[in-house]
Structure formats: C-alpha cells, structure tokens
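Working notes, structure below.
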2 protein chains.
Amino acid sequence: MSKASQSAYEAIRGRILSGEFPAGTHLKEERLAEVCGVSRTPIRDALRTLAAEDYVRVVPNHGTFVSEFSDDDIEDIFVLRSMLEGYAARMAAQRATPEQIFELREQCKKIDTSMKVGDEPDRDAFLAANRRFHEIITEAAGSERLAQMIARLIEQPIIARTAQSYKEPQIERSNRQHMELIDAIESEDGSWAEAIMSGHILAGYQTFKQNLDPAGDRSEEDGGPARLETDPSKARRQPLRVVSGSKPAPRRK
Amino acid sequence: MSKASQSAYEAIRGRILSGEFPAGTHLKEERLAEVCGVSRTPIRDALRTLAAEDYVRVVPNHGTFVSEFSDDDIEDIFVLRSMLEGYAARMAAQRATPEQIFELREQCKKIDTSMKVGDEPDRDAFLAANRRFHEIITEAAGSERLAQMIARLIEQPIIARTAQSYKEPQIERSNRQHMELIDAIESEDGSWAEAIMSGHILAGYQTFKQNLDPAGDRSEEDGGPARLETDPSKARRQPLRVVSGSKPAPRRK
DNA sequence: TGCGGTAGCATTGTATACAAAGTTGACCGG
DNA sequence: CCGGTCAACTTTGTATACAATGCTACCGCA
C-alpha cells in the first residue's frame, strides 16, 4: 500500500484498537476521509484491507462496521490459537536455532524484571516481551503461512487487550510456562513443547474470562475517552448489528 | 461486494484458476478493465480481495501479479491442511449430527459410482463429491474461523488442480480412507478421526508429487490455451519475480 | 566507448464528480 | 387514526480525469 492508503489504514486500525471506534460503529467513508485528510478512494482501500483482516465487516450498499465478538467467538479464537501455536511450538522444537533459544531466554528475563521494579508490574514491558516470545516461537516454526494464521487471530482487538488484565501471579505462572517451553524446545521434544504451549494459551483464556467477564458490562465504566463515533445528532439510524464468526456448534443427538 | 466489483472478481479469479493468467502474470488494471467491461475502480477492489486470499500479490507502485508457488510452499500448504483438517475431523467426531454422517456416506457412494460408470473415472463427479465430503467435515467441526482457514488453503490454484491428477487406484484408496473416517466419527473417536484425516491429506500430497513432479516442466505441454497475458509486443519489461510464502526453514545446528 | 543525466512513457495512486441503492419521514387516502 | 406510497436525503458504488512514480532508452559528453 502506498502513502495515503497506508496512513488511512493505520489511522483507522489504531482507532479501532484504542477503542475510539468501538465494536459495531458504522464507519462512514466521507467522515473517515475528513479525519485522515485524504479522499474516499484510499479510505475504501484501507477498509477492504481491514475487512480482510477481520477488523471490520463490509455490508454491500450499507457500509462497513467495526467487528463485534461474541463469547463464542472469543472461545473459538483461543481454542484455535492453542492448536496453531501448539503446532508452532512442536515445529520450533525441531527447528529452533541456538540463537533463537537464547533470545527466548532474554524475553523471559525481561518479563521477570518487569514484575520486580515497582509495586505494580510494568505492563508495557511485559506485553512487549511476551509478544516477542511468541513471535520467536512462530518464526522458529518456519512457516510463513502458519505465522499469518496466528497473526490474524492475535491481532483481533479483543485479544490484543487480553493481556492488559494480567495480575502479578498470572504473569508469574505464565512465565514459568515460558521457561518450561524453552526446556522442551531445547531438548527437541516436540510433543512436550506442543502440550505446554497449548496449555499456556488455554490458561490465558481462563485468566481472560475470570478477569473480564465477572466485572460485568465492561463498556464505558469511566465514561471512556471522547469517541469519534457518529455524531448522535446526525445518527438517525441505528447501526446494523453485524454478528461475526461461528454459528453455535450443533450438539450431537 | 456489489455488481461490478463482484463480476470483476469472478472473472479474474476464474482466469487464474483456469490457467489463462498463469503464475507470475502482471495483471494490468486498464487491460482488466477492458476485459471485464468496467472501470478501474471495481478492478482495484477485486484485486485487493484476491490479494487478501493469496491469489495475487500487490507490489506498491508496480502492480499486482498472479502468485507463484515454490515446492516448499506446496509442501507447507499440505502439511498445514493435514493439521487443520485433522483437527476439524477431531471436532467433527464430537459434534457431527446423524444427518451429517448420512450425507458423508452419500458422498462416498457417489465417489464409488464415479469410478464404475465408464472405463475412465468421472473426474468432475469425483471432484464434486470429494469437495463436499471435506466440506461437511469442516462444517461439522462448528468453527467458522477454522473453516475459513482451511478454505484459504484449498482454494489456492495449485491445490485446486491437484485432484485432477488422481488415477483410479488413488481414488479408490482415498475413498477407503473416507469410509474409515466415517467409522471414526460415528464411534465419536476424535483421535482416530484426526489420525485418519491427517494421513488422508498427506497421502494426497504424495500422489500430487508423484503424478505431477516427475512429469517435469508442466507448463504448456500441449501449447496450452490461448493466453491473455501481456501482449509480447508491448512487454518491454519482465514481470518481477514475486516469491510468495515461506522462507527456508532453518535446520538446527 | 562508457557513463550520467534527462525526457518520455507506461502504470499505478488519488481526487472528484456522478449514478445507484436504500432508508427515513411526511403526505395522502381510506 | 392507520397504512401505504412517494420523494428527498444519506451513503455507498462507479467512472473519469489527473498526479505521482518508476522504468527505459536516448542523447550528450568525457
């Protein structure tokens, strides 16, 4: 993508991730064009790209809407991640280079440090190191396609915010799993590595559910940041509810 | 997508699948606009969609090119399919309804019939039934996301043509695996189902390699259909070689 | 002859104007 | 007062014109 399209893409994506455009928001092309300072053409380009990455959903002749995620969607995402990243870990156990293993250890140390500096863990440092840790595993697996599949799952806004909710004991447990994973990879034991990684992701899912769900409705608890969504005075239409993702799984018999 | 974009998408995609636009072809927007009878705007729309599905690759300021697949890419695709469809089969064993199992049997019968009518197997019938069989498994797994991942893999042009090369004994073996898969699903044995499906896909990979690779250079063996690629008289530039997909996997130590 | 700059061309990228589609809300008839 | 039809408006979809980019080939000069 070139200049205008690229900047529009980043601007819109950033606003979705930051929550400025919450799920369900009707993204109107002309308004986005004003905000981004370009014409509608590159805006449309950016929206198609975002649609391909599941950030938004395009309804023909109606517009594009920020994707919404049901509880089932979220479970689906975590379960698939557990499978894909588990498989990546298995491959990494066969293929990781000593340099990659070294760098994995580095990230673990950074996460350790992030917990010990202040009385509150340094979330940004944890997030960055955690992200890099998983990235190295994925790289070590050696499949660009697999990496893309995983990226598409973890880039979802709802997932991106998951790790925000980690408390200190959960970070600690998570990092112990990281270290065991390194052991498994170093001993070239693919099955072990896969099992640890799958469990690691699914543990993250439980943390996510416990920390966010019981808190009840988690929208606008503090009024939230000023939103750029459709000006209420002009919003004569309710945005369509765009349901994304899985149908309920049929239960046998 | 609406009228013009949609028709452009189908037209271009069809030409890629049919081989009229072979891998590496530089797809020029203006020319496509003529061919499809629409302006460049919906053409660009269609190309972005095709890029998202890995049919083509967009190089900024240079254009879009039909994706090329290396041997490593193809292996990668089959291995990932084996994992994903294997997982789908595992889920299907837990979730498939009696109706779905019934329909699976139907497809097996159709494949059997397709072999027994003439002296040559009826390839179209086999392909349709085979496709539907795998589709049912994927549906039964109950994850829209998983289904999309699998679809993106099997829709690749190179894969779409794989089953074309099946000979009768290979179809027979393939269908025996289908029937065993039904047994596994019916007995709700996820591990069994996963194992059969993984083996089934990997067997397909071997068939693909044996039937197509030793035949040597498989381009234009019979002169091929008339191609609509860039008019040679105007082709002053070689299309860039766009390498897609995986880097070579690093071998340990 | 070899090198560097430059002009021209092919192609993509962006903006704007116009057409089509769909929705709202009011008007009219029952 | 209710229901249906129609017109205006909002928003997306498409076409066309123009700008920017990158390549090629030519020309001048050493």
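Chain labels follow the order of the structure tokens: the first chain is A, the next B, and so on; residue numbering restarts at 1 in every chain, and ligands are counted from 1 in their shown order.
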
Exercise. Got a sec to pull out which chain A residues are within 7 Å of chain D, counting only C-alpha atoms (C1' of nucleotides), and send them as a PyMOL selection string?
Worked result: chain A and resi 61-63

Exercise. Quick one: which residues from chain B are at most 10 Å off chain C, using only C-alpha atoms (C1' of nucleotides), as JSON, numbers by chain?
Worked result: {"B": [28, 29, 30, 59, 60, 61, 62, 63, 64, 234, 236]}

For this session: Mind the document's chain letters and residue numbers, and return as a count of residues only the residues of region 20-242 of chain B that DSSP labels helix (DSSP H, G or I).
Result: 145

For this session: Looking only at strand (DSSP E or B) from DSSP on the backbone, list the matching residues of region 52-176 of chain B as an NGL selection string.
Result: :B and (56-59 or 63-66)

Residues just named, written with C-alpha atoms as a compact mmCIF listing (two decimals), in the first residue's frame:
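Final file, out-v3.txt:
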```
# COMPACT_ATOMS: atom_id res chain seq x y z
CA VAL B 56 -2.32 -12.41 -6.31
CA ARG B 57 0.37 -10.26 -4.79
CA VAL B 58 0.32 -6.48 -4.86
CA VAL B 59 3.63 -4.67 -5.17
CA GLY B 63 1.17 -3.64 -9.88
CA THR B 64 -0.33 -6.95 -9.00
CA PHE B 65 0.99 -10.32 -10.07
CA VAL B 66 -0.52 -13.78 -10.01
```

Exercise. Counting only C-alpha atoms, which residues from chain A have an atom at most 10 Å from any atom of chain B, and could you show them as a ChimeraX atom specification?
Worked result: /A:1-3,41,44-46,48-53,58-61,72-73,76-77,80,83-84,87,91-99,139-149,153,188,244-253

Exercise. Can you tell me how far CA of Leu47 (chain A) sits from CA of Ile12 (chain A), in Å to one decimal?
Worked result: 8.3 Å

Problem set entry | Close residues, region 107-112 of chain A itself excluded, 12 Å, only C-alpha atoms (C1' of nucleotides), min 3 positions apart in chain, as a count of residues only | 40
